[in-house]
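S.K.: See model-v3.tsv below, with TSV, C-alpha atoms.
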```tsv
chain	number	residue	atom	x	y	z
A	5	MET	CA	-69.07	-52.86	120.35
A	6	ARG	CA	-66.51	-55.56	119.59
A	7	VAL	CA	-62.92	-54.57	118.79
A	8	LEU	CA	-59.92	-56.57	117.67
A	9	ALA	CA	-56.54	-55.33	118.96
A	10	ALA	CA	-53.68	-56.77	116.92
A	11	ARG	CA	-50.02	-56.99	117.98
A	12	LEU	CA	-48.06	-59.62	116.03
A	13	ASP	CA	-44.78	-59.48	117.95
A	14	ASN	CA	-43.02	-61.00	120.95
A	15	ASP	CA	-44.22	-61.07	124.56
A	16	GLY	CA	-42.47	-57.82	125.49
A	17	ASP	CA	-44.07	-55.93	122.62
A	18	VAL	CA	-47.50	-57.22	123.61
A	19	LEU	CA	-46.96	-56.17	127.23
A	20	LEU	CA	-46.12	-52.65	126.06
A	21	THR	CA	-49.45	-52.55	124.23
A	22	GLY	CA	-51.31	-53.47	127.43
A	23	PRO	CA	-52.26	-49.93	128.51
A	24	ALA	CA	-53.71	-49.25	125.05
A	25	VAL	CA	-55.66	-52.52	125.19
A	26	ARG	CA	-57.15	-51.40	128.51
A	27	ALA	CA	-58.18	-48.13	126.86
A	28	LEU	CA	-60.03	-50.11	124.20
A	29	ALA	CA	-61.58	-52.41	126.82
A	30	ALA	CA	-62.99	-49.43	128.74
A	31	ARG	CA	-65.38	-48.82	125.84
A	32	ALA	CA	-65.69	-52.14	124.04
A	33	SER	CA	-65.35	-55.90	124.20
A	34	VAL	CA	-61.76	-56.62	123.15
A	35	ASP	CA	-60.05	-59.64	121.64
A	36	VAL	CA	-56.32	-59.68	120.88
A	37	LEU	CA	-54.72	-61.08	117.75
A	38	ALA	CA	-51.20	-62.19	118.65
A	39	SER	CA	-48.38	-64.21	117.15
A	40	PRO	CA	-47.32	-67.52	118.78
A	41	ALA	CA	-44.42	-65.59	120.35
A	42	GLY	CA	-46.74	-63.07	121.98
A	43	ALA	CA	-49.88	-65.05	122.78
A	44	GLY	CA	-48.73	-65.88	126.32
A	45	ALA	CA	-48.39	-62.21	127.19
A	46	ALA	CA	-51.72	-61.41	125.54
A	47	ARG	CA	-53.42	-63.87	127.89
A	48	LEU	CA	-51.99	-61.97	130.86
A	49	LEU	CA	-53.38	-58.58	129.82
A	50	PRO	CA	-56.33	-57.13	131.75
A	51	GLY	CA	-59.41	-56.46	129.64
A	52	VAL	CA	-58.91	-59.21	127.06
A	53	ASP	CA	-61.82	-61.55	126.29
A	54	GLU	CA	-60.19	-63.91	123.79
A	55	VAL	CA	-56.77	-64.36	122.20
A	56	LEU	CA	-56.54	-65.30	118.53
A	57	VAL	CA	-53.20	-66.61	117.26
A	58	PHE	CA	-51.72	-66.09	113.80
A	59	ASP	CA	-48.10	-66.54	112.69
A	60	PRO	CA	-47.49	-63.69	110.21
A	61	PRO	CA	-45.12	-64.30	107.30
A	62	TRP	CA	-44.16	-60.60	107.28
A	63	SER	CA	-42.98	-60.25	110.87
A	64	GLY	CA	-40.82	-61.89	113.53
A	65	PHE	CA	-37.20	-63.03	113.80
A	66	SER	CA	-37.87	-66.25	111.84
A	67	PRO	CA	-40.97	-65.45	109.79
A	68	ALA	CA	-43.29	-68.28	108.86
A	69	ALA	CA	-43.68	-69.28	105.23
A	70	VAL	CA	-46.75	-67.96	103.46
A	71	ASP	CA	-49.51	-70.45	104.24
A	72	PRO	CA	-52.69	-69.78	102.23
A	73	ALA	CA	-54.71	-72.08	104.50
A	74	ALA	CA	-53.60	-70.21	107.64
A	75	VAL	CA	-54.45	-66.90	106.01
A	76	GLN	CA	-57.89	-68.16	105.05
A	77	ASP	CA	-58.42	-69.49	108.58
A	78	LEU	CA	-57.59	-66.07	110.02
A	79	VAL	CA	-59.91	-64.26	107.63
A	80	SER	CA	-62.70	-66.73	108.45
A	81	ALA	CA	-62.16	-66.44	112.21
A	82	VAL	CA	-62.25	-62.66	112.10
A	83	ARG	CA	-65.32	-62.63	109.87
A	84	GLU	CA	-67.20	-65.07	112.12
A	85	ARG	CA	-66.63	-62.88	115.18
A	86	GLY	CA	-68.06	-59.82	113.49
A	87	TYR	CA	-65.72	-57.16	114.83
A	88	ASP	CA	-66.95	-53.60	114.53
A	89	GLU	CA	-63.42	-52.33	114.20
A	90	ALA	CA	-59.77	-53.22	114.60
A	91	VAL	CA	-56.71	-51.37	115.88
A	92	VAL	CA	-53.41	-52.66	114.50
A	93	PHE	CA	-50.47	-51.93	116.83
A	94	THR	CA	-46.93	-52.10	115.42
A	95	SER	CA	-43.43	-50.99	116.30
A	96	PHE	CA	-42.07	-47.86	114.66
A	97	HIS	CA	-40.27	-49.81	111.92
A	98	GLN	CA	-43.16	-52.10	110.94
A	99	SER	CA	-46.03	-51.73	108.49
A	100	PRO	CA	-49.61	-52.54	109.55
A	101	LEU	CA	-50.80	-52.77	105.95
A	102	PRO	CA	-50.47	-56.54	105.29
A	103	LEU	CA	-52.71	-57.27	108.26
A	104	ALA	CA	-55.04	-54.39	107.40
A	105	LEU	CA	-55.63	-55.99	103.99
A	106	LEU	CA	-56.58	-59.30	105.60
A	107	LEU	CA	-58.90	-57.54	108.03
A	108	ARG	CA	-60.59	-55.76	105.13
A	109	LEU	CA	-61.08	-59.13	103.42
A	110	ALA	CA	-62.61	-60.36	106.70
A	111	GLY	CA	-65.18	-57.55	106.58
A	112	VAL	CA	-63.85	-55.29	109.34
A	113	ALA	CA	-65.41	-51.92	108.52
A	114	ARG	CA	-63.13	-49.59	110.49
A	115	ILE	CA	-59.39	-50.09	110.89
A	116	SER	CA	-56.90	-47.82	112.68
A	117	ALA	CA	-53.11	-48.06	112.62
A	118	THR	CA	-49.89	-46.06	112.63
A	119	SER	CA	-48.51	-45.99	109.10
A	120	GLU	CA	-45.86	-43.99	107.31
A	121	ASP	CA	-46.67	-45.85	104.09
A	122	TYR	CA	-49.59	-44.62	102.01
A	123	PRO	CA	-52.47	-46.90	103.12
A	124	GLY	CA	-54.86	-46.45	100.21
A	125	SER	CA	-58.26	-47.69	101.32
A	126	LEU	CA	-56.89	-50.05	103.96
A	127	LEU	CA	-57.07	-47.64	106.91
A	128	ASP	CA	-59.86	-45.44	108.18
A	129	VAL	CA	-57.66	-43.81	110.83
A	130	ARG	CA	-54.05	-43.27	109.81
A	131	HIS	CA	-51.99	-42.23	112.80
A	132	ARG	CA	-48.59	-40.66	112.02
A	133	ARG	CA	-45.56	-40.84	114.26
A	134	GLU	CA	-42.27	-40.32	112.43
A	135	GLY	CA	-41.16	-36.72	111.97
A	136	GLY	CA	-43.60	-35.31	114.50
A	137	PRO	CA	-42.94	-33.89	117.97
A	138	ARG	CA	-43.71	-37.31	119.52
A	139	ALA	CA	-41.52	-39.34	117.14
A	140	ASP	CA	-39.34	-40.60	120.00
A	141	ALA	CA	-42.19	-41.36	122.39
A	142	HIS	CA	-41.96	-44.62	124.27
A	143	GLU	CA	-43.60	-47.58	122.52
A	144	ALA	CA	-46.21	-47.84	125.29
A	145	GLU	CA	-47.11	-44.17	124.82
A	146	ALA	CA	-47.18	-44.52	121.03
A	147	ALA	CA	-49.71	-47.34	121.41
A	148	LEU	CA	-51.82	-45.18	123.71
A	149	GLU	CA	-51.70	-42.35	121.19
A	150	LEU	CA	-52.94	-44.68	118.44
A	151	ALA	CA	-55.78	-45.88	120.68
A	152	ALA	CA	-56.77	-42.28	121.36
A	153	ALA	CA	-56.67	-41.44	117.65
A	154	ALA	CA	-59.01	-44.39	117.08
A	155	GLY	CA	-61.42	-42.96	119.65
A	156	PHE	CA	-60.31	-44.82	122.77
A	157	PRO	CA	-58.50	-42.42	125.14
A	158	VAL	CA	-57.05	-43.56	128.45
A	159	PRO	CA	-59.98	-43.95	130.86
A	160	ALA	CA	-60.19	-41.83	133.98
A	161	GLY	CA	-58.29	-43.37	136.86
A	162	ASP	CA	-55.98	-45.44	134.66
A	163	ASP	CA	-52.32	-44.45	135.15
A	164	GLY	CA	-51.30	-45.88	131.78
A	165	ARG	CA	-48.66	-48.18	133.24
A	166	LEU	CA	-48.03	-51.78	132.28
A	167	ARG	CA	-50.05	-54.40	134.12
A	168	VAL	CA	-50.74	-58.11	134.06
A	169	LEU	CA	-53.45	-60.25	135.61
A	170	THR	CA	-52.95	-62.10	138.88
A	171	THR	CA	-49.91	-64.30	138.49
A	172	ALA	CA	-49.20	-67.88	139.49
A	173	PRO	CA	-47.49	-68.53	142.85
A	174	PRO	CA	-43.69	-68.44	142.65
A	175	PRO	CA	-41.80	-71.75	142.78
A	176	PRO	CA	-41.11	-73.07	146.30
A	177	GLY	CA	-37.72	-72.66	147.88
A	178	LEU	CA	-36.90	-69.12	146.82
A	179	PRO	CA	-35.03	-66.83	149.23
A	180	ALA	CA	-37.07	-64.38	151.29
A	181	SER	CA	-35.34	-61.50	149.51
A	182	TYR	CA	-33.52	-61.74	146.19
A	183	VAL	CA	-32.40	-60.07	142.98
A	184	VAL	CA	-33.23	-61.65	139.64
A	185	VAL	CA	-30.59	-61.81	136.91
A	186	HIS	CA	-32.00	-62.71	133.50
A	187	PRO	CA	-28.96	-63.20	131.23
A	188	GLY	CA	-30.58	-64.15	127.92
A	189	ALA	CA	-32.53	-62.38	125.20
A	190	SER	CA	-34.35	-63.46	122.06
A	191	VAL	CA	-32.07	-61.05	120.16
A	192	PRO	CA	-28.43	-61.88	121.04
A	193	ALA	CA	-27.26	-58.30	120.46
A	194	ARG	CA	-29.41	-57.17	123.37
A	195	ALA	CA	-28.02	-59.61	125.96
A	196	PRO	CA	-24.88	-59.29	128.11
A	197	LEU	CA	-22.01	-61.67	127.48
A	198	PRO	CA	-22.45	-64.92	129.47
A	199	GLU	CA	-19.23	-64.39	131.39
A	200	GLN	CA	-20.33	-60.83	132.17
A	201	ALA	CA	-23.65	-62.09	133.53
A	202	ALA	CA	-21.81	-64.66	135.65
A	203	GLY	CA	-19.63	-61.88	137.06
A	204	ILE	CA	-22.71	-59.85	137.93
A	205	VAL	CA	-24.21	-62.78	139.81
A	206	GLU	CA	-20.92	-63.30	141.66
A	207	ALA	CA	-20.66	-59.62	142.56
A	208	LEU	CA	-24.24	-59.51	143.84
A	209	ARG	CA	-23.59	-62.60	145.96
A	210	HIS	CA	-20.43	-61.03	147.39
A	211	ALA	CA	-22.47	-57.91	148.20
A	212	GLY	CA	-24.77	-60.01	150.38
A	213	ARG	CA	-27.61	-60.47	147.90
A	214	ASP	CA	-29.38	-63.71	147.20
A	215	VAL	CA	-29.71	-64.15	143.45
A	216	VAL	CA	-32.22	-66.00	141.28
A	217	VAL	CA	-31.26	-66.61	137.65
A	218	THR	CA	-34.11	-66.98	135.16
A	219	GLY	CA	-34.33	-68.09	131.55
A	220	GLY	CA	-36.47	-69.96	129.07
A	221	PRO	CA	-36.39	-73.67	128.22
A	222	GLY	CA	-33.74	-73.09	125.56
A	223	GLU	CA	-31.48	-71.21	127.98
A	224	ARG	CA	-30.84	-73.91	130.59
A	225	ARG	CA	-27.13	-74.22	129.77
A	226	LEU	CA	-26.75	-70.45	129.95
A	227	THR	CA	-28.52	-70.09	133.29
A	228	ALA	CA	-26.61	-73.03	134.77
A	229	ALA	CA	-23.31	-71.43	133.83
A	230	VAL	CA	-24.36	-67.99	135.06
A	231	ALA	CA	-25.89	-69.19	138.35
A	232	ALA	CA	-23.03	-71.28	139.67
A	233	PRO	CA	-22.09	-71.15	142.47
A	234	GLY	CA	-24.63	-70.15	145.09
A	235	ALA	CA	-27.49	-68.67	143.07
A	236	VAL	CA	-30.87	-70.29	142.43
A	237	ASP	CA	-31.16	-71.49	138.84
A	238	LEU	CA	-34.71	-71.34	137.46
A	239	GLY	CA	-33.70	-71.74	133.81
A	240	GLY	CA	-36.54	-73.48	131.97
A	241	ARG	CA	-38.55	-73.98	135.15
A	242	THR	CA	-41.19	-71.25	134.81
A	243	ASP	CA	-43.89	-70.44	132.30
A	244	LEU	CA	-44.75	-66.78	131.71
A	245	PRO	CA	-47.20	-66.47	134.65
A	246	GLY	CA	-44.66	-68.21	136.88
A	247	LEU	CA	-41.91	-65.89	135.73
A	248	ALA	CA	-44.17	-62.93	136.47
A	249	ALA	CA	-44.57	-64.26	140.01
A	250	VAL	CA	-40.79	-64.62	140.44
A	251	LEU	CA	-40.20	-61.09	139.18
A	252	ALA	CA	-43.01	-59.63	141.30
A	253	ALA	CA	-41.38	-60.95	144.48
A	254	ALA	CA	-37.87	-59.74	143.58
A	255	ASP	CA	-36.17	-56.67	145.03
A	256	ALA	CA	-34.89	-55.76	141.56
A	257	VAL	CA	-34.28	-57.35	138.17
A	258	VAL	CA	-31.06	-57.17	136.14
A	259	VAL	CA	-31.91	-57.80	132.50
A	260	GLY	CA	-31.20	-56.74	128.93
A	261	ASN	CA	-33.68	-55.14	126.57
A	262	THR	CA	-35.95	-58.15	126.28
A	263	GLY	CA	-39.42	-59.34	127.29
A	264	PRO	CA	-38.73	-60.01	130.99
A	265	ALA	CA	-37.69	-56.36	131.41
A	266	HIS	CA	-41.21	-55.34	130.41
A	267	LEU	CA	-42.74	-58.14	132.46
A	268	ALA	CA	-40.84	-56.83	135.50
A	269	ALA	CA	-42.24	-53.37	134.80
A	270	ALA	CA	-45.73	-54.85	134.49
A	271	VAL	CA	-45.49	-56.32	138.01
A	272	GLY	CA	-43.94	-53.14	139.44
A	273	THR	CA	-40.39	-54.36	140.12
A	274	PRO	CA	-37.43	-51.96	139.65
A	275	VAL	CA	-35.15	-52.80	136.71
A	276	VAL	CA	-31.43	-52.48	136.11
A	277	SER	CA	-31.51	-52.33	132.32
A	278	LEU	CA	-28.42	-53.53	130.47
A	279	PHE	CA	-29.52	-51.72	127.33
A	280	ALA	CA	-27.76	-52.24	124.00
A	281	PRO	CA	-28.53	-49.21	121.81
A	282	VAL	CA	-29.39	-51.20	118.67
A	283	VAL	CA	-32.87	-49.72	119.24
A	284	PRO	CA	-33.53	-46.39	120.99
A	285	SER	CA	-33.77	-46.53	124.77
A	286	ALA	CA	-36.27	-43.65	124.67
A	287	ARG	CA	-38.70	-46.03	123.00
A	288	TRP	CA	-37.86	-49.34	124.65
A	289	ALA	CA	-36.56	-48.73	128.19
A	290	PRO	CA	-38.50	-50.24	131.13
A	291	TYR	CA	-41.70	-48.24	131.36
A	292	GLY	CA	-43.39	-46.82	134.43
A	293	VAL	CA	-41.09	-48.26	137.10
A	294	PRO	CA	-37.86	-47.03	138.73
A	295	HIS	CA	-34.96	-48.18	136.60
A	296	VAL	CA	-31.27	-47.56	135.93
A	297	LEU	CA	-30.13	-47.66	132.32
A	298	LEU	CA	-26.61	-49.03	131.81
A	299	GLY	CA	-24.66	-49.43	128.58
A	300	ASP	CA	-22.99	-47.11	126.10
A	301	GLN	CA	-25.92	-45.48	124.29
A	302	SER	CA	-23.57	-43.82	121.78
A	303	ALA	CA	-21.84	-47.06	120.72
A	304	ALA	CA	-21.23	-47.84	117.05
A	305	CYS	CA	-24.19	-50.24	116.96
A	306	ARG	CA	-26.58	-47.42	117.83
A	307	GLY	CA	-29.83	-47.55	115.89
A	308	SER	CA	-28.73	-50.50	113.76
A	309	ARG	CA	-31.53	-52.85	114.88
A	310	ALA	CA	-28.88	-55.58	114.64
A	311	ARG	CA	-29.82	-59.01	115.92
A	312	ALA	CA	-26.19	-60.13	116.34
A	313	CYS	CA	-23.69	-57.62	117.69
A	314	PRO	CA	-22.03	-55.91	114.71
A	315	VAL	CA	-19.02	-54.73	116.76
A	316	PRO	CA	-16.40	-57.22	118.00
A	317	GLY	CA	-16.43	-57.67	121.76
A	318	HIS	CA	-19.97	-56.32	122.27
A	319	PRO	CA	-18.53	-53.08	123.73
A	320	CYS	CA	-21.85	-51.32	124.36
A	321	LEU	CA	-22.57	-53.75	127.21
A	322	ALA	CA	-19.19	-55.37	127.89
A	323	GLY	CA	-17.97	-52.08	129.32
A	324	VAL	CA	-20.54	-52.24	132.13
A	325	GLY	CA	-18.72	-53.45	135.24
A	326	ALA	CA	-20.34	-55.76	137.76
A	327	ARG	CA	-19.73	-53.28	140.57
A	328	GLU	CA	-21.65	-50.71	138.53
A	329	VAL	CA	-24.56	-53.13	138.38
A	330	VAL	CA	-24.38	-53.77	142.12
A	331	ALA	CA	-24.44	-50.03	142.77
A	332	ALA	CA	-27.49	-49.68	140.51
A	333	VAL	CA	-29.29	-52.47	142.37
A	334	GLU	CA	-28.47	-50.80	145.67
A	335	ALA	CA	-29.81	-47.47	144.38
A	336	LEU	CA	-33.11	-49.08	143.39
A	337	ALA	CA	-33.48	-51.51	146.29
A	338	PRO	CA	-31.20	-50.79	149.27
A	339	ALA	CA	-30.07	-53.88	151.11
A	340	VAL	CA	-31.63	-54.66	154.45
A	341	PRO	CA	-29.45	-53.19	157.25
A	342	GLY	CA	-27.40	-55.85	158.94
A	343	ALA	CA	-27.16	-58.14	155.92
A	344	VAL	CA	-24.09	-60.35	155.94
A	345	VAL	CA	-21.66	-59.32	153.21
A	346	GLU	CA	-19.08	-61.83	152.04
A	347	GLU	CA	-15.56	-60.48	152.00
A	348	VAL	CA	-13.87	-60.31	148.60
A	349	ASP	CA	-10.21	-60.03	147.70
A	350	ARG	CA	-10.76	-57.18	145.22
A	351	GLU	CA	-7.04	-56.63	144.56
A	352	ASN	CA	-6.82	-60.14	143.12
A	353	ALA	CA	-10.22	-60.15	141.46
A	354	PRO	CA	-10.25	-61.13	137.78
A	355	ALA	CA	-10.09	-58.35	135.22
A	356	GLY	CA	-12.87	-57.46	132.84
A	357	GLY	CA	-15.38	-55.88	135.21
A	358	THR	CA	-16.50	-59.08	136.94
A	359	LEU	CA	-16.37	-57.54	140.39
```
Can the structure from this file be put into structure tokens for me?

M.R.:
Amino acid sequence: MRVLAARLDNDGDVLLTGPAVRALAARASVDVLASPAGAGAARLLPGVDEVLVFDPPWSGFSPAAVDPAAVQDLVSAVRERGYDEAVVFTSFHQSPLPLALLLRLAGVARISATSEDYPGSLLDVRHRREGGPRADAHEAEAALELAAAAGFPVPAGDDGRLRVLTTAPPPPGLPASYVVVHPGASVPARAPLPEQAAGIVEALRHAGRDVVVTGGPGERRLTAAVAAPGAVDLGGRTDLPGLAAVLAAADAVVVGNTGPAHLAAAVGTPVVSLFAPVVPSARWAPYGVPHVLLGDQSAACRGSRARACPVPGHPCLAGVGAREVVAAVEALAPAVPGAVVEEVDRENAPAGGTL
């Protein structure tokens, strides 16, 4: 049997679908259809034979224009591969029906998805989530529930946690023991303020921790500002497998609600989650690893799905003090006894929770 698993979202979303993809792969040959923003993560998932890439005009932060040629190419590619069925994974606020229509045009005979919208003849298995007892289930669990509804339950011996394939070696020159601070996010509302992230790095350094700051190619200026002085700046210096290696070797990761939080969970590293409540933490918190959730979950931005912070001053995260983050790191990964701790003049420390 040949199955197409579709998840047209970012890397973090694809990683959360990984356990469900493994459930499919236990009973079938599985390809993944991913967007350009999620294809890298799809290639890291165990159980995947091939990754197809399509940029959907109905999804993403900057959706592509409707391209009839690209749509025809996708329909042709799916038809040529002769999939027996497809499972379309989406977040709770997305519709699977545009893709289901294309898959029908490509000749896929059986299609399963979670849909609150009436699917007509587009779905053979319509999984429901909203309004039920599992409405607030974590996104990873919701994906597993859809896979089970489609006939692919979690195989025996699989713990259902996030996983990735063997990663690349970490860059040379990293400390023997370190904490990662990842200050950026693809959605600005979900990231700490740059000066707040810099204060966290400073506080961790003063607490005797070596710190590695990570970020994508477009975040080099941010990571340079956050890392100075004394931390290792890896901004723009790792691809996704390399970042996985850096996170896997870390004692803990301090990060907002963004892809690297889920990548850290996939490699088994504890996470201090600076979580802005624009989406529910019950659905999007780091999954399957020890973690500490910080941030005001009852803030005014709660549930807004805002991309830019709708409240001046970003209070849901700005109120998290750097010492609170240090304490969370210590709770998840106690420092090695005998570590040298730099003395700090706390009475004269700057205001605003930087120490």

S.K.: Which polymer residues have any atom within 7 Å of an atom of stretch 188-195 of chain A, counting all atoms listed in the file, with same-chain residues fewer than 5 positions away left out, as a PyMOL selection string?

M.R.: chain A and resi 219+260-262+279-280+310-313

S.K.: Take the point (-61.4, -54.9, 112.3) in the file's coordinates, draw a sphere of radius 10 Å around it, and report as a PDB file with C-alpha atoms, in the frame of the given file every protein, DNA or RNA residue with an atom inside or on it, counting all atoms listed in the file.

M.R.:
```pdb
ATOM      1  CA  ARG A   6     -66.510 -55.560 119.590  1.00  0.00           C
ATOM      2  CA  VAL A   7     -62.920 -54.570 118.790  1.00  0.00           C
ATOM      3  CA  LEU A   8     -59.920 -56.570 117.670  1.00  0.00           C
ATOM      4  CA  ALA A   9     -56.540 -55.330 118.960  1.00  0.00           C
ATOM      5  CA  ALA A  10     -53.680 -56.770 116.920  1.00  0.00           C
ATOM      6  CA  VAL A  82     -62.250 -62.660 112.100  1.00  0.00           C
ATOM      7  CA  ARG A  83     -65.320 -62.630 109.870  1.00  0.00           C
ATOM      8  CA  ARG A  85     -66.630 -62.880 115.180  1.00  0.00           C
ATOM      9  CA  GLY A  86     -68.060 -59.820 113.490  1.00  0.00           C
ATOM     10  CA  TYR A  87     -65.720 -57.160 114.830  1.00  0.00           C
ATOM     11  CA  ASP A  88     -66.950 -53.600 114.530  1.00  0.00           C
ATOM     12  CA  GLU A  89     -63.420 -52.330 114.200  1.00  0.00           C
ATOM     13  CA  ALA A  90     -59.770 -53.220 114.600  1.00  0.00           C
ATOM     14  CA  VAL A  91     -56.710 -51.370 115.880  1.00  0.00           C
ATOM     15  CA  VAL A  92     -53.410 -52.660 114.500  1.00  0.00           C
ATOM     16  CA  LEU A 103     -52.710 -57.270 108.260  1.00  0.00           C
ATOM     17  CA  ALA A 104     -55.040 -54.390 107.400  1.00  0.00           C
ATOM     18  CA  LEU A 106     -56.580 -59.300 105.600  1.00  0.00           C
ATOM     19  CA  LEU A 107     -58.900 -57.540 108.030  1.00  0.00           C
ATOM     20  CA  ARG A 108     -60.590 -55.760 105.130  1.00  0.00           C
ATOM     21  CA  LEU A 109     -61.080 -59.130 103.420  1.00  0.00           C
ATOM     22  CA  ALA A 110     -62.610 -60.360 106.700  1.00  0.00           C
ATOM     23  CA  GLY A 111     -65.180 -57.550 106.580  1.00  0.00           C
ATOM     24  CA  VAL A 112     -63.850 -55.290 109.340  1.00  0.00           C
ATOM     25  CA  ALA A 113     -65.410 -51.920 108.520  1.00  0.00           C
ATOM     26  CA  ARG A 114     -63.130 -49.590 110.490  1.00  0.00           C
ATOM     27  CA  ILE A 115     -59.390 -50.090 110.890  1.00  0.00           C
ATOM     28  CA  SER A 116     -56.900 -47.820 112.680  1.00  0.00           C
TER      29      SER A 116
END
```

S.K.: In Å to one decimal, how far is atom CA of A:Thr242 from atom CA of A:Pro221?

M.R.: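 These atoms are spaced 8.5 Å apart.
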
S.K.: Quick one: residues within 8 Å of A:Gly246, only C-alpha atoms, excluding same-chain residues fewer than 2 positions away - as a list in words?

M.R.: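 Neighbouring residues, sequence-local ones excluded: Thr171, Ala172, Pro173, Pro174, Pro175, Thr242, Asp243, Leu244, Ala248, Ala249 and Val250 of chain A.
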
S.K.: (-50.7, -63.7, 131.0) in this file's frame - what residues fall within 8 Å of it? Use all atoms listed in the file and give the answer as an MDAnalysis selection string.

M.R.: chainID A and resid 44:49 168:169 171 244:245
